[in-house]
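Novice: To be precise about what I am sending: the file is called final-v3.cif and holds mmCIF, C-alpha atoms and all ligand atoms.
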data_my_file
loop_
_atom_site.label_atom_id
_atom_site.label_comp_id
_atom_site.auth_asym_id
_atom_site.auth_seq_id
_atom_site.Cartn_x
_atom_site.Cartn_y
_atom_site.Cartn_z
CA MET A 1 -26.96 -2.20 7.36
CA ASP A 2 -25.28 0.91 8.74
CA PHE A 3 -23.61 3.35 6.32
CA LYS A 4 -22.47 5.74 9.06
CA LEU A 5 -18.90 6.06 10.28
CA SER A 6 -18.47 5.99 14.05
CA ASP A 7 -17.46 9.18 15.88
CA GLU A 8 -13.95 7.76 16.28
CA GLN A 9 -13.69 7.02 12.55
CA LYS A 10 -14.89 10.52 11.65
CA LEU A 11 -12.40 12.05 14.06
CA ILE A 12 -9.45 10.04 12.72
CA LYS A 13 -10.45 10.89 9.13
CA ALA A 14 -10.57 14.61 10.02
CA ASN A 15 -7.31 14.43 11.97
CA MET A 16 -5.47 12.70 9.15
CA ARG A 17 -6.83 15.29 6.67
CA LYS A 18 -5.50 18.07 8.90
CA PHE A 19 -2.15 16.30 9.30
CA ALA A 20 -1.79 15.75 5.55
CA LYS A 21 -2.69 19.36 4.72
CA LYS A 22 -0.21 20.70 7.25
CA TYR A 23 2.77 18.41 6.77
CA VAL A 24 2.38 16.57 3.46
CA ASP A 25 0.81 19.01 0.96
CA PRO A 26 3.72 21.46 1.26
CA ILE A 27 6.36 18.84 0.33
CA ALA A 28 4.44 16.49 -1.99
CA ALA A 29 5.59 18.07 -5.28
CA GLU A 30 9.18 18.41 -4.07
CA ILE A 31 9.54 14.77 -2.94
CA ASP A 32 7.94 13.60 -6.19
CA GLU A 33 10.47 15.58 -8.20
CA SER A 34 13.51 14.57 -6.17
CA GLY A 35 12.48 11.06 -5.06
CA ARG A 36 13.43 12.07 -1.52
CA TYR A 37 12.17 9.89 1.35
CA PRO A 38 10.00 12.09 3.58
CA GLU A 39 11.69 10.90 6.76
CA GLU A 40 10.46 13.82 8.86
CA VAL A 41 6.82 13.11 7.96
CA ILE A 42 7.12 9.36 8.53
CA LYS A 43 8.66 10.07 11.95
CA LEU A 44 5.75 12.37 12.80
CA LEU A 45 3.24 9.78 11.60
CA GLY A 46 4.86 7.34 14.02
CA GLU A 47 4.76 9.80 16.91
CA LYS A 48 1.07 10.41 16.28
CA GLY A 49 0.26 6.70 16.27
CA TYR A 50 -0.40 6.26 12.54
CA MET A 51 2.29 3.67 11.74
CA GLY A 52 0.64 0.75 13.49
CA MET A 53 -3.00 1.71 13.59
CA PRO A 54 -4.74 -1.70 13.48
CA PHE A 55 -2.48 -3.47 15.99
CA PRO A 56 -3.08 -3.97 19.72
CA GLU A 57 -1.87 -1.22 22.04
CA GLU A 58 0.20 -3.77 24.00
CA TYR A 59 2.36 -4.13 20.86
CA GLY A 60 2.68 -0.41 20.17
CA GLY A 61 -0.37 -0.09 17.94
CA ALA A 62 -3.37 2.24 18.14
CA GLY A 63 -5.90 -0.60 18.50
CA VAL A 64 -8.32 0.73 15.87
CA ASP A 65 -10.22 -1.40 13.37
CA TYR A 66 -9.05 -1.98 9.80
CA LEU A 67 -11.68 0.34 8.34
CA THR A 68 -10.39 3.26 10.40
CA TYR A 69 -6.83 2.51 9.30
CA ALA A 70 -7.89 2.32 5.62
CA ILE A 71 -9.70 5.66 5.90
CA ALA A 72 -6.45 7.19 7.20
CA VAL A 73 -4.58 5.74 4.18
CA GLU A 74 -7.16 7.37 1.87
CA GLU A 75 -6.76 10.78 3.48
CA LEU A 76 -2.96 10.63 3.47
CA SER A 77 -2.83 9.42 -0.15
CA ARG A 78 -5.14 12.28 -1.18
CA SER A 79 -2.18 14.55 -0.40
CA CYS A 80 0.66 12.24 -1.44
CA ALA A 81 0.28 8.69 -2.73
CA ALA A 82 3.94 7.89 -2.03
CA THR A 83 3.61 8.82 1.65
CA GLY A 84 0.30 6.93 1.87
CA PHE A 85 1.93 3.85 0.38
CA THR A 86 4.95 4.06 2.69
CA MET A 87 2.55 3.89 5.62
CA SER A 88 0.35 1.18 4.10
CA VAL A 89 3.10 -1.20 2.94
CA HIS A 90 4.77 -0.84 6.35
CA THR A 91 1.49 -1.54 8.16
CA GLY A 92 -0.27 -4.11 5.99
CA LEU A 93 2.63 -6.08 4.58
CA ALA A 94 5.54 -5.71 7.02
CA CYS A 95 3.84 -5.41 10.43
CA GLY A 96 0.91 -7.57 9.23
CA PRO A 97 2.71 -10.94 8.97
CA ILE A 98 4.23 -10.55 12.45
CA ALA A 99 0.98 -9.33 14.01
CA LEU A 100 -1.12 -12.07 12.42
CA PHE A 101 1.26 -15.04 12.44
CA GLY A 102 4.17 -14.14 14.74
CA ASN A 103 4.65 -15.39 18.29
CA ASP A 104 4.64 -13.21 21.40
CA GLU A 105 8.45 -12.82 21.40
CA GLN A 106 8.46 -11.67 17.79
CA LYS A 107 5.64 -9.23 18.47
CA LYS A 108 7.51 -7.74 21.43
CA LYS A 109 10.86 -7.55 19.66
CA TYR A 110 9.85 -6.57 16.12
CA LEU A 111 6.19 -5.52 15.90
CA THR A 112 6.28 -3.10 18.83
CA PRO A 113 8.98 -0.72 17.51
CA MET A 114 7.48 -1.02 14.02
CA ALA A 115 3.96 -0.18 15.15
CA LYS A 116 5.34 2.83 17.02
CA GLY A 117 7.05 3.97 13.81
CA GLU A 118 10.50 3.68 15.41
CA HIS A 119 11.44 0.94 12.97
CA ILE A 120 10.35 0.84 9.33
CA GLY A 121 9.29 -2.44 7.77
CA ALA A 122 9.50 -3.92 4.29
CA PHE A 123 7.94 -6.97 2.63
CA ALA A 124 10.28 -8.74 0.23
CA LEU A 125 8.37 -11.37 -1.77
CA THR A 126 8.79 -10.46 -5.46
CA GLU A 127 11.89 -11.73 -7.27
CA PRO A 128 13.30 -10.81 -10.67
CA GLY A 129 11.80 -14.01 -12.12
CA ALA A 130 8.79 -14.28 -9.83
CA GLY A 131 6.16 -11.53 -9.84
CA THR A 132 2.57 -12.68 -10.36
CA ASP A 133 3.89 -16.25 -10.36
CA VAL A 134 5.11 -16.26 -6.74
CA GLY A 135 5.75 -20.00 -6.93
CA SER A 136 8.64 -19.54 -9.36
CA ALA A 137 10.71 -17.80 -6.66
CA THR A 138 14.17 -19.28 -6.13
CA THR A 139 15.32 -17.85 -2.78
CA ARG A 140 16.29 -20.72 -0.45
CA ALA A 141 16.52 -21.03 3.33
CA VAL A 142 18.47 -23.96 4.73
CA LEU A 143 18.44 -24.82 8.42
CA ASP A 144 21.99 -25.11 9.75
CA GLY A 145 22.02 -25.80 13.49
CA GLU A 146 20.31 -22.89 15.22
CA GLU A 147 20.25 -20.69 12.11
CA TYR A 148 18.60 -20.46 8.72
CA VAL A 149 20.93 -19.57 5.87
CA LEU A 150 19.24 -17.47 3.18
CA ASN A 151 20.41 -17.18 -0.43
CA GLY A 152 18.63 -15.39 -3.25
CA SER A 153 17.46 -12.01 -4.38
CA LYS A 154 14.27 -9.99 -4.20
CA THR A 155 13.24 -6.96 -6.20
CA PHE A 156 10.78 -4.06 -6.00
CA THR A 157 10.97 -4.11 -2.20
CA SER A 158 9.11 -0.99 -1.07
CA ASN A 159 10.73 0.75 1.90
CA GLY A 160 13.80 -1.46 1.21
CA PRO A 161 16.38 1.35 1.34
CA VAL A 162 15.01 2.69 4.65
CA ALA A 163 13.81 -0.47 6.37
CA ASP A 164 15.02 -1.76 9.73
CA THR A 165 13.02 -4.99 9.53
CA PHE A 166 12.39 -7.16 6.48
CA VAL A 167 9.74 -9.83 6.21
CA THR A 168 10.86 -12.17 3.46
CA PHE A 169 10.01 -15.52 1.93
CA ALA A 170 12.20 -18.44 0.94
CA TRP A 171 11.84 -22.12 0.09
CA THR A 172 12.62 -24.42 2.96
CA ASP A 173 11.34 -27.36 0.88
CA PRO A 174 11.61 -26.42 -2.82
CA GLU A 175 10.06 -29.74 -3.86
CA ASP A 176 6.75 -28.85 -2.21
CA LYS A 177 5.30 -25.99 -4.27
CA ARG A 178 2.28 -25.66 -1.98
CA LYS A 179 3.80 -25.93 1.48
CA GLY A 180 7.52 -25.56 0.92
CA MET A 181 7.88 -21.79 1.35
CA SER A 182 8.50 -20.17 4.73
CA ALA A 183 8.39 -16.60 6.05
CA PHE A 184 11.26 -14.97 7.94
CA ILE A 185 12.18 -11.77 9.73
CA VAL A 186 15.58 -10.33 8.77
CA GLU A 187 17.11 -7.37 10.57
CA LYS A 188 18.93 -4.59 8.75
CA GLY A 189 22.68 -5.01 9.22
CA THR A 190 22.60 -8.80 9.24
CA PRO A 191 25.78 -10.00 7.49
CA GLY A 192 24.89 -11.28 4.02
CA LEU A 193 21.97 -8.87 3.59
CA THR A 194 22.57 -6.19 0.94
CA ILE A 195 20.16 -3.51 -0.15
CA GLY A 196 20.15 -2.21 -3.74
CA GLU A 197 19.90 1.38 -4.93
CA HIS A 198 16.59 3.26 -4.81
CA ILE A 199 14.80 2.41 -8.08
CA MET A 200 13.40 5.54 -9.72
CA LYS A 201 9.89 5.11 -11.02
CA MET A 202 7.15 6.75 -13.09
CA GLY A 203 5.12 7.63 -10.00
CA ILE A 204 5.13 7.34 -6.18
CA ARG A 205 8.73 8.46 -6.61
CA ALA A 206 9.26 9.28 -2.92
CA SER A 207 8.34 5.73 -1.94
CA GLN A 208 11.71 4.02 -1.63
CA THR A 209 12.05 0.87 -3.73
CA SER A 210 15.03 -1.44 -4.06
CA ALA A 211 16.32 -4.91 -4.66
CA VAL A 212 17.34 -7.00 -1.63
CA PHE A 213 20.08 -9.62 -1.80
CA PHE A 214 20.74 -12.52 0.55
CA HIS A 215 24.17 -14.10 0.32
CA ASP A 216 24.75 -16.76 3.00
CA CYS A 217 22.65 -14.54 5.23
CA ARG A 218 22.36 -16.27 8.61
CA ILE A 219 19.37 -15.52 10.79
CA PRO A 220 18.36 -17.14 14.08
CA LYS A 221 15.83 -19.91 13.62
CA GLU A 222 13.57 -17.99 16.04
CA ASN A 223 13.00 -15.55 13.16
CA LEU A 224 10.85 -18.03 11.29
CA ILE A 225 7.26 -16.69 11.27
CA GLY A 226 4.71 -19.39 12.03
CA ASN A 227 5.74 -22.91 11.06
CA PRO A 228 8.03 -24.11 8.27
CA GLY A 229 5.87 -24.17 5.13
CA ASP A 230 3.49 -21.39 6.20
CA GLY A 231 5.11 -18.82 3.89
CA LEU A 232 2.67 -18.86 0.99
CA LYS A 233 -0.33 -18.78 3.33
CA ILE A 234 1.18 -15.82 5.23
CA ALA A 235 2.04 -13.91 2.05
CA MET A 236 -1.40 -14.40 0.50
CA SER A 237 -3.25 -13.51 3.69
CA CYS A 238 -1.22 -10.33 4.17
CA LEU A 239 -1.72 -9.35 0.52
CA ASP A 240 -5.49 -9.69 1.07
CA HIS A 241 -5.14 -7.15 3.90
CA GLY A 242 -2.77 -4.96 1.88
CA ARG A 243 -5.21 -4.73 -1.01
CA ILE A 244 -7.71 -2.91 1.18
CA GLY A 245 -4.97 -0.31 1.76
CA ILE A 246 -4.24 -0.02 -2.00
CA ALA A 247 -7.96 0.39 -2.76
CA ALA A 248 -8.07 3.17 -0.15
CA GLN A 249 -4.94 4.74 -1.63
CA ALA A 250 -6.56 4.69 -5.09
CA VAL A 251 -9.71 6.35 -3.77
CA GLY A 252 -7.53 9.03 -2.14
CA ILE A 253 -5.74 9.73 -5.46
CA ALA A 254 -9.06 9.84 -7.35
CA GLN A 255 -10.54 12.18 -4.74
CA ALA A 256 -7.57 14.50 -5.15
CA ALA A 257 -8.10 14.41 -8.94
CA LEU A 258 -11.72 15.44 -8.42
CA ASP A 259 -10.80 18.17 -5.90
CA GLU A 260 -8.34 19.66 -8.39
CA SER A 261 -10.77 19.34 -11.30
CA ILE A 262 -13.61 21.12 -9.51
CA ALA A 263 -11.39 24.02 -8.47
CA TYR A 264 -9.75 24.43 -11.89
CA SER A 265 -12.94 24.09 -13.93
CA LYS A 266 -14.51 26.93 -11.94
CA GLU A 267 -11.50 29.19 -12.54
CA ARG A 268 -10.53 28.45 -16.15
CA ILE A 269 -12.34 30.81 -18.54
CA GLN A 270 -12.84 29.82 -22.18
CA PHE A 271 -15.44 31.30 -24.53
CA GLY A 272 -16.09 33.95 -21.87
CA LYS A 273 -17.23 31.59 -19.11
CA PRO A 274 -15.74 29.03 -16.69
CA ILE A 275 -15.28 25.65 -18.37
CA SER A 276 -17.39 24.16 -15.52
CA LYS A 277 -20.45 25.71 -17.22
CA ASN A 278 -20.09 23.16 -20.04
CA GLN A 279 -22.08 19.98 -19.68
CA ALA A 280 -19.14 17.98 -21.10
CA ILE A 281 -17.05 18.99 -18.08
CA GLN A 282 -19.92 18.57 -15.62
CA TRP A 283 -20.44 15.00 -16.78
CA MET A 284 -16.81 14.16 -16.19
CA LEU A 285 -17.08 15.56 -12.66
CA ALA A 286 -20.35 13.68 -12.05
CA ASP A 287 -18.83 10.40 -13.25
CA MET A 288 -15.79 10.93 -11.02
CA GLU A 289 -17.93 11.59 -7.95
CA THR A 290 -20.11 8.54 -8.67
CA ASP A 291 -17.21 6.15 -9.18
CA ILE A 292 -15.24 7.48 -6.20
CA ASN A 293 -18.22 6.86 -3.96
CA ALA A 294 -18.71 3.38 -5.39
CA GLY A 295 -15.02 2.60 -4.83
CA ARG A 296 -15.08 3.99 -1.33
CA PHE A 297 -17.99 1.76 -0.39
CA MET A 298 -16.20 -1.24 -1.89
CA TYR A 299 -13.12 -0.82 0.28
CA TYR A 300 -15.24 0.07 3.31
CA TYR A 301 -17.11 -3.20 2.76
CA ALA A 302 -13.93 -5.28 2.45
CA ALA A 303 -12.59 -3.68 5.65
CA TYR A 304 -15.93 -4.22 7.38
CA LEU A 305 -15.84 -7.95 6.54
CA LYS A 306 -12.28 -8.16 7.86
CA ASP A 307 -13.28 -6.35 11.07
CA GLN A 308 -16.23 -8.74 11.50
CA GLY A 309 -13.88 -11.72 11.23
CA GLN A 310 -15.52 -12.82 7.98
CA SER A 311 -13.80 -13.99 4.82
CA PHE A 312 -12.78 -10.86 2.90
CA GLY A 313 -10.25 -11.92 0.24
CA LYS A 314 -12.66 -11.68 -2.70
CA ALA A 315 -14.08 -8.35 -1.48
CA ALA A 316 -10.52 -6.98 -1.09
CA SER A 317 -9.58 -8.11 -4.62
CA MET A 318 -12.77 -6.58 -6.05
CA ALA A 319 -12.17 -3.30 -4.19
CA LYS A 320 -8.53 -3.17 -5.32
CA LEU A 321 -9.45 -3.97 -8.93
CA PHE A 322 -12.30 -1.47 -9.15
CA CYS A 323 -10.63 1.35 -7.21
CA SER A 324 -7.31 1.15 -9.06
CA GLU A 325 -8.87 1.11 -12.54
CA MET A 326 -11.31 3.84 -11.52
CA CYS A 327 -8.43 5.90 -10.12
CA PHE A 328 -6.35 5.70 -13.29
CA LYS A 329 -9.36 6.50 -15.48
CA HIS A 330 -10.31 9.58 -13.48
CA ALA A 331 -6.77 10.85 -12.95
CA SER A 332 -6.62 10.86 -16.76
CA LYS A 333 -9.95 12.73 -16.93
CA ALA A 334 -8.54 15.31 -14.52
CA VAL A 335 -5.60 15.90 -16.88
CA GLN A 336 -8.18 16.27 -19.69
CA ILE A 337 -10.05 18.94 -17.71
CA PHE A 338 -6.79 20.83 -17.17
CA GLY A 339 -6.02 20.67 -20.90
CA GLY A 340 -2.40 21.41 -21.85
CA TYR A 341 -1.61 22.72 -18.37
CA GLY A 342 -2.49 19.32 -16.91
CA TYR A 343 0.18 17.71 -19.06
CA CYS A 344 2.89 19.94 -17.59
CA LYS A 345 5.16 19.44 -14.60
CA GLY A 346 4.09 21.37 -11.56
CA GLN A 347 0.37 20.55 -11.83
CA LYS A 348 -0.81 18.13 -9.18
CA VAL A 349 -2.97 16.26 -11.72
CA GLU A 350 0.14 15.34 -13.73
CA ARG A 351 1.59 13.68 -10.61
CA LEU A 352 -1.75 12.05 -9.79
CA LEU A 353 -1.91 10.35 -13.18
CA ARG A 354 1.60 8.92 -12.76
CA ASP A 355 0.85 7.84 -9.20
CA ALA A 356 -2.48 6.28 -10.20
CA LYS A 357 -0.87 3.76 -12.58
CA ILE A 358 0.96 1.81 -9.89
CA THR A 359 -2.27 0.98 -8.05
CA GLU A 360 -3.12 -1.32 -11.00
CA ILE A 361 0.18 -3.17 -10.64
CA TYR A 362 1.43 -3.71 -7.09
CA GLU A 363 0.03 -6.07 -4.50
CA GLY A 364 -1.28 -8.07 -7.45
CA THR A 365 -1.96 -6.69 -10.92
CA SER A 366 -5.52 -6.14 -12.16
CA GLU A 367 -5.19 -9.44 -14.02
CA ALA A 368 -4.17 -11.19 -10.79
CA GLN A 369 -7.21 -9.68 -9.01
CA ARG A 370 -9.47 -10.98 -11.79
CA MET A 371 -7.86 -14.42 -11.38
CA ASN A 372 -8.56 -14.31 -7.61
CA ILE A 373 -12.16 -13.22 -8.07
CA ALA A 374 -12.83 -15.81 -10.76
CA SER A 375 -11.25 -18.62 -8.76
CA ASN A 376 -13.52 -17.68 -5.85
CA LEU A 377 -16.53 -17.88 -8.17
CA LEU A 378 -15.53 -21.20 -9.71
CA ARG A 379 -14.63 -23.03 -6.50
C1 LIG B 1 6.62 0.46 -7.28
C2 LIG B 1 6.48 -0.98 -6.93
C3 LIG B 1 6.47 -1.37 -5.61
C4 LIG B 1 6.39 -2.72 -5.27
N1 LIG B 1 6.46 -3.09 -3.96
C5 LIG B 1 6.60 -4.41 -3.65
C6 LIG B 1 6.90 -4.83 -2.32
O1 LIG B 1 7.00 -4.00 -1.40
N2 LIG B 1 7.11 -6.14 -2.09
C7 LIG B 1 7.02 -7.08 -3.06
O2 LIG B 1 7.22 -8.25 -2.78
N3 LIG B 1 6.71 -6.73 -4.34
C8 LIG B 1 6.52 -5.42 -4.65
N4 LIG B 1 6.26 -5.04 -5.95
C9 LIG B 1 6.12 -6.06 -6.98
C10 LIG B 1 4.72 -6.15 -7.55
O3 LIG B 1 3.85 -6.73 -6.64
C11 LIG B 1 4.83 -6.87 -8.88
O4 LIG B 1 5.43 -5.96 -9.79
C12 LIG B 1 3.52 -7.38 -9.39
O5 LIG B 1 3.03 -8.39 -8.57
C13 LIG B 1 3.63 -7.90 -10.82
O6 LIG B 1 4.75 -8.73 -11.00
P1 LIG B 1 5.76 -8.44 -12.22
O7 LIG B 1 6.08 -7.00 -12.18
O8 LIG B 1 6.85 -9.41 -12.15
O9 LIG B 1 4.87 -8.67 -13.50
P2 LIG B 1 4.58 -10.09 -14.21
O10 LIG B 1 4.11 -11.08 -13.21
O11 LIG B 1 5.75 -10.45 -15.07
O12 LIG B 1 3.36 -9.70 -15.14
C14 LIG B 1 3.50 -8.99 -16.35
C15 LIG B 1 2.12 -8.85 -16.97
O13 LIG B 1 1.58 -10.16 -17.25
C16 LIG B 1 0.35 -10.31 -16.58
N5 LIG B 1 0.21 -11.71 -16.16
C17 LIG B 1 1.10 -12.48 -15.47
N6 LIG B 1 0.60 -13.70 -15.29
C18 LIG B 1 -0.60 -13.72 -15.86
C19 LIG B 1 -1.63 -14.71 -16.00
N7 LIG B 1 -1.49 -15.95 -15.49
N8 LIG B 1 -2.77 -14.38 -16.65
C20 LIG B 1 -2.92 -13.14 -17.16
N9 LIG B 1 -2.01 -12.17 -17.07
C21 LIG B 1 -0.86 -12.46 -16.43
C22 LIG B 1 0.39 -9.35 -15.39
O14 LIG B 1 -0.90 -9.04 -14.91
C23 LIG B 1 1.11 -8.18 -16.04
O15 LIG B 1 0.20 -7.43 -16.78
C24 LIG B 1 6.29 -3.69 -6.30
C25 LIG B 1 6.28 -3.29 -7.64
C26 LIG B 1 6.41 -1.96 -7.95
C27 LIG B 1 6.45 -1.57 -9.42
#
Go ahead and render the structure in this file as structure tokens.
Ligand SMILES: Cc1cc2nc3c(=O)[nH]c(=O)nc-3n(C[C@H](O)[C@H](O)[C@H](O)COP(=O)(O)OP(=O)(O)OC[C@H]3O[C@@H](n4cnc5c(N)ncnc54)[C@H](O)[C@@H]3O)c2cc1C

Specialist:
Amino acid sequence: MDFKLSDEQKLIKANMRKFAKKYVDPIAAEIDESGRYPEEVIKLLGEKGYMGMPFPEEYGGAGVDYLTYAIAVEELSRSCAATGFTMSVHTGLACGPIALFGNDEQKKKYLTPMAKGEHIGAFALTEPGAGTDVGSATTRAVLDGEEYVLNGSKTFTSNGPVADTFVTFAWTDPEDKRKGMSAFIVEKGTPGLTIGEHIMKMGIRASQTSAVFFHDCRIPKENLIGNPGDGLKIAMSCLDHGRIGIAAQAVGIAQAALDESIAYSKERIQFGKPISKNQAIQWMLADMETDINAGRFMYYYAAYLKDQGQSFGKAASMAKLFCSEMCFKHASKAVQIFGGYGYCKGQKVERLLRDAKITEIYEGTSEAQRMNIASNLLR
């Protein structure tokens, strides 16, 4: 067993750290406060090859393995979780279905500009009445000649307000709850496609989130991904991939909480000495470091299995579950170390705690991860 990163992985980690320090740190507080989409940074990420890292170069990607990509998500999220998530939802959930299940035409037409960062992607699965229970979705797609006609609505679509390309899911055979859902590509500007307002949230406020509505939205039948009925399989497979990205994002947030806590505890003087001299504070820092390392190895392992072509769904769920709960716990500890100042706007740890919470919810809640893990055990 080899615990070393390759030279390429170390280089990409260092490069992303440099990038995030230079371009993301200076705007992270501002975009959190305003909810502004950091378009200039996303454009730069695309130009530098970060918006399609794990995809083949022939389709605009950087051709690196999934572990290297996840490490980049960690480093970006360490500076700004919203920017890290914009990159990861675009890569794992929007490019992913086309890269893994699309045909050559779809990869040329849609994946290539997405992987280059020229087009932004969104993944619209969740509906107002169908979150954890994906099967209770009601969006329909009916084949009419050479076109599918989509009707229904999605919610919580990340990147929705800024996306050029939507991957979405609709019933082609609503009677068949196992194999009746299909996956489609929908282009921005298609008549019948409407995008809702940016939904303001507790955290990751610069990540753009909206509802998506389909009203007699006609798309060419060539925009079906895979075969009719493959939708659920495609969604679940891509969520397995996406969860590695969320685990990495959570580790990045937790690492930032530790970075802030170390620096502050050395500076803050109470009772005539830095608070870091107290064992109570040292133990919090030691626990953070221990759990962050454990979480990092969990997502590295899930990515390693994926890169080896082995089954990785359970490992991805375990990494996502552990890293997200660990992240929230330690972001809260960081606020504790900062005392009253940590509870105030303007401190990074206050933002980190709000950002941390979402990692326990999206791409499957902690309860959904536990269901996945248990169903793997009880097979
Ligand atoms: C900021 C943000 C971004 C998102 N981005 C996207 C996106 O890009 N694309 C997309 O498709 N979706 C996205 N989502 C949706 C997200 O994946 C869902 O919110 C999530 O899956 C939970 O669904 P829900 O919110 O409907 O909660 P519900 O499913 O209603 O769950 C509510 C609570 O009940 C629990 N629960 C539900 N069923 C069970 C059960 N059987 N056993 C035990 N507990 C259960 C849940 O764990 C949760 O605690 C996003 C959500 C947010 C908030």

Novice: With only C-alpha atoms and all ligand atoms as the basis for distance, which of A:Gly46, A:Gly342, A:Gly313, A:Gly131 is at the shortest distance from ligand LIG 1 (chain B)?

Specialist: A:Gly131

Novice: Kindly provide, as number ranges by chain, all nucleotide and amino acid residues lying within 8 Å of ligand LIG 1 (chain B), counting all atoms listed in the file.

Specialist: A: 89, 93, 122-133, 154-160, 201, 203-204, 207, 209, 358, 361-368, 371

Novice: Atoms to include: C-alpha atoms. Write the selected residues as a PDB file, keeping the file's coordinate frame.

Specialist:
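Generated file (selection-v4.pdb):
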ATOM      1  CA  VAL A  89       3.100  -1.200   2.940  1.00  0.00           C
ATOM      2  CA  LEU A  93       2.630  -6.080   4.580  1.00  0.00           C
ATOM      3  CA  ALA A 122       9.500  -3.920   4.290  1.00  0.00           C
ATOM      4  CA  PHE A 123       7.940  -6.970   2.630  1.00  0.00           C
ATOM      5  CA  ALA A 124      10.280  -8.740   0.230  1.00  0.00           C
ATOM      6  CA  LEU A 125       8.370 -11.370  -1.770  1.00  0.00           C
ATOM      7  CA  THR A 126       8.790 -10.460  -5.460  1.00  0.00           C
ATOM      8  CA  GLU A 127      11.890 -11.730  -7.270  1.00  0.00           C
ATOM      9  CA  PRO A 128      13.300 -10.810 -10.670  1.00  0.00           C
ATOM     10  CA  GLY A 129      11.800 -14.010 -12.120  1.00  0.00           C
ATOM     11  CA  ALA A 130       8.790 -14.280  -9.830  1.00  0.00           C
ATOM     12  CA  GLY A 131       6.160 -11.530  -9.840  1.00  0.00           C
ATOM     13  CA  THR A 132       2.570 -12.680 -10.360  1.00  0.00           C
ATOM     14  CA  ASP A 133       3.890 -16.250 -10.360  1.00  0.00           C
ATOM     15  CA  LYS A 154      14.270  -9.990  -4.200  1.00  0.00           C
ATOM     16  CA  THR A 155      13.240  -6.960  -6.200  1.00  0.00           C
ATOM     17  CA  PHE A 156      10.780  -4.060  -6.000  1.00  0.00           C
ATOM     18  CA  THR A 157      10.970  -4.110  -2.200  1.00  0.00           C
ATOM     19  CA  SER A 158       9.110  -0.990  -1.070  1.00  0.00           C
ATOM     20  CA  ASN A 159      10.730   0.750   1.900  1.00  0.00           C
ATOM     21  CA  GLY A 160      13.800  -1.460   1.210  1.00  0.00           C
ATOM     22  CA  LYS A 201       9.890   5.110 -11.020  1.00  0.00           C
ATOM     23  CA  GLY A 203       5.120   7.630 -10.000  1.00  0.00           C
ATOM     24  CA  ILE A 204       5.130   7.340  -6.180  1.00  0.00           C
ATOM     25  CA  SER A 207       8.340   5.730  -1.940  1.00  0.00           C
ATOM     26  CA  THR A 209      12.050   0.870  -3.730  1.00  0.00           C
ATOM     27  CA  ILE A 358       0.960   1.810  -9.890  1.00  0.00           C
ATOM     28  CA  ILE A 361       0.180  -3.170 -10.640  1.00  0.00           C
ATOM     29  CA  TYR A 362       1.430  -3.710  -7.090  1.00  0.00           C
ATOM     30  CA  GLU A 363       0.030  -6.070  -4.500  1.00  0.00           C
ATOM     31  CA  GLY A 364      -1.280  -8.070  -7.450  1.00  0.00           C
ATOM     32  CA  THR A 365      -1.960  -6.690 -10.920  1.00  0.00           C
ATOM     33  CA  SER A 366      -5.520  -6.140 -12.160  1.00  0.00           C
ATOM     34  CA  GLU A 367      -5.190  -9.440 -14.020  1.00  0.00           C
ATOM     35  CA  ALA A 368      -4.170 -11.190 -10.790  1.00  0.00           C
ATOM     36  CA  MET A 371      -7.860 -14.420 -11.380  1.00  0.00           C
TER      37      MET A 371
END

Novice: Counting only C-alpha atoms, note down every residue that has an atom within 10 Å of the point (4.6, -11.0, 15.8) (file coordinates), as an MDAnalysis selection string.

Specialist: chainID A and resid 59 95:112 185 223 225:226

Novice: Using only C-alpha atoms, determine which residues lie at most 9 Å from A:Phe184, disregarding the query and same-chain residues fewer than 6 positions distant; provide the list as a list in words.

Specialist: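 Skipping anything fewer than 6 positions along the chain leaves Phe166, Val167, Thr168, Phe169, Ala170, Ile219, Lys221, Glu222, Asn223, Leu224, Ile225, Gly226 and Gly231 of chain A.
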
Novice: Skipping near chain neighbours, those fewer than 5 positions away, what residues fall within 12 Å of stretch 278-280 of chain A using all atoms listed in the file, listed as a list of chain:residue names?

Specialist: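 The neighbour list is A:Ser265, A:Lys266, A:Arg268, A:Ile269, A:Gln270, A:Phe271, A:Gly272, A:Lys273, A:Leu285, A:Ala286, A:Asp287, A:Lys333, A:Gln336, A:Ile337.
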
Novice: In Å, rounded to a single decimal, give me how far atom CA of A:Met114 is from atom CA of A:Asn227.

Specialist: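 Interatomic distance here is 22.2 Å.
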
Novice: Just the residues within 8 Å of A:Glu360, please, counting all atoms listed in the file, with nothing from its chain fewer than 6 positions along; format it as a list of chain:residue names.

Specialist: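 Counting only the stated atoms, we get A:Leu321, A:Ser324, A:Glu325, A:Ser366.
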
Novice: Limited to C-alpha atoms, could you put the picked residues into a file as a PDB file, keeping the file's coordinate frame?

Specialist:
ATOM      1  CA  LEU A 321      -9.450  -3.970  -8.930  1.00  0.00           C
ATOM      2  CA  SER A 324      -7.310   1.150  -9.060  1.00  0.00           C
ATOM      3  CA  GLU A 325      -8.870   1.110 -12.540  1.00  0.00           C
ATOM      4  CA  SER A 366      -5.520  -6.140 -12.160  1.00  0.00           C
TER       5      SER A 366
END

Novice: Tell me which protein, DNA and RNA residues are within 6 Å of stretch 25-28 of chain A, counting only C-alpha atoms, leaving out same-chain ones fewer than 3 positions away, and put them as a count of residues only.

Specialist: 4

Novice: Can you tell me which residues surround A:Leu232 at a distance of at most 9 Å, considering only C-alpha atoms, apart from same-chain residues fewer than 4 positions away, and format the answer as a PyMOL selection string?

Specialist: chain A and resi 134-135+169+178-183+236-237
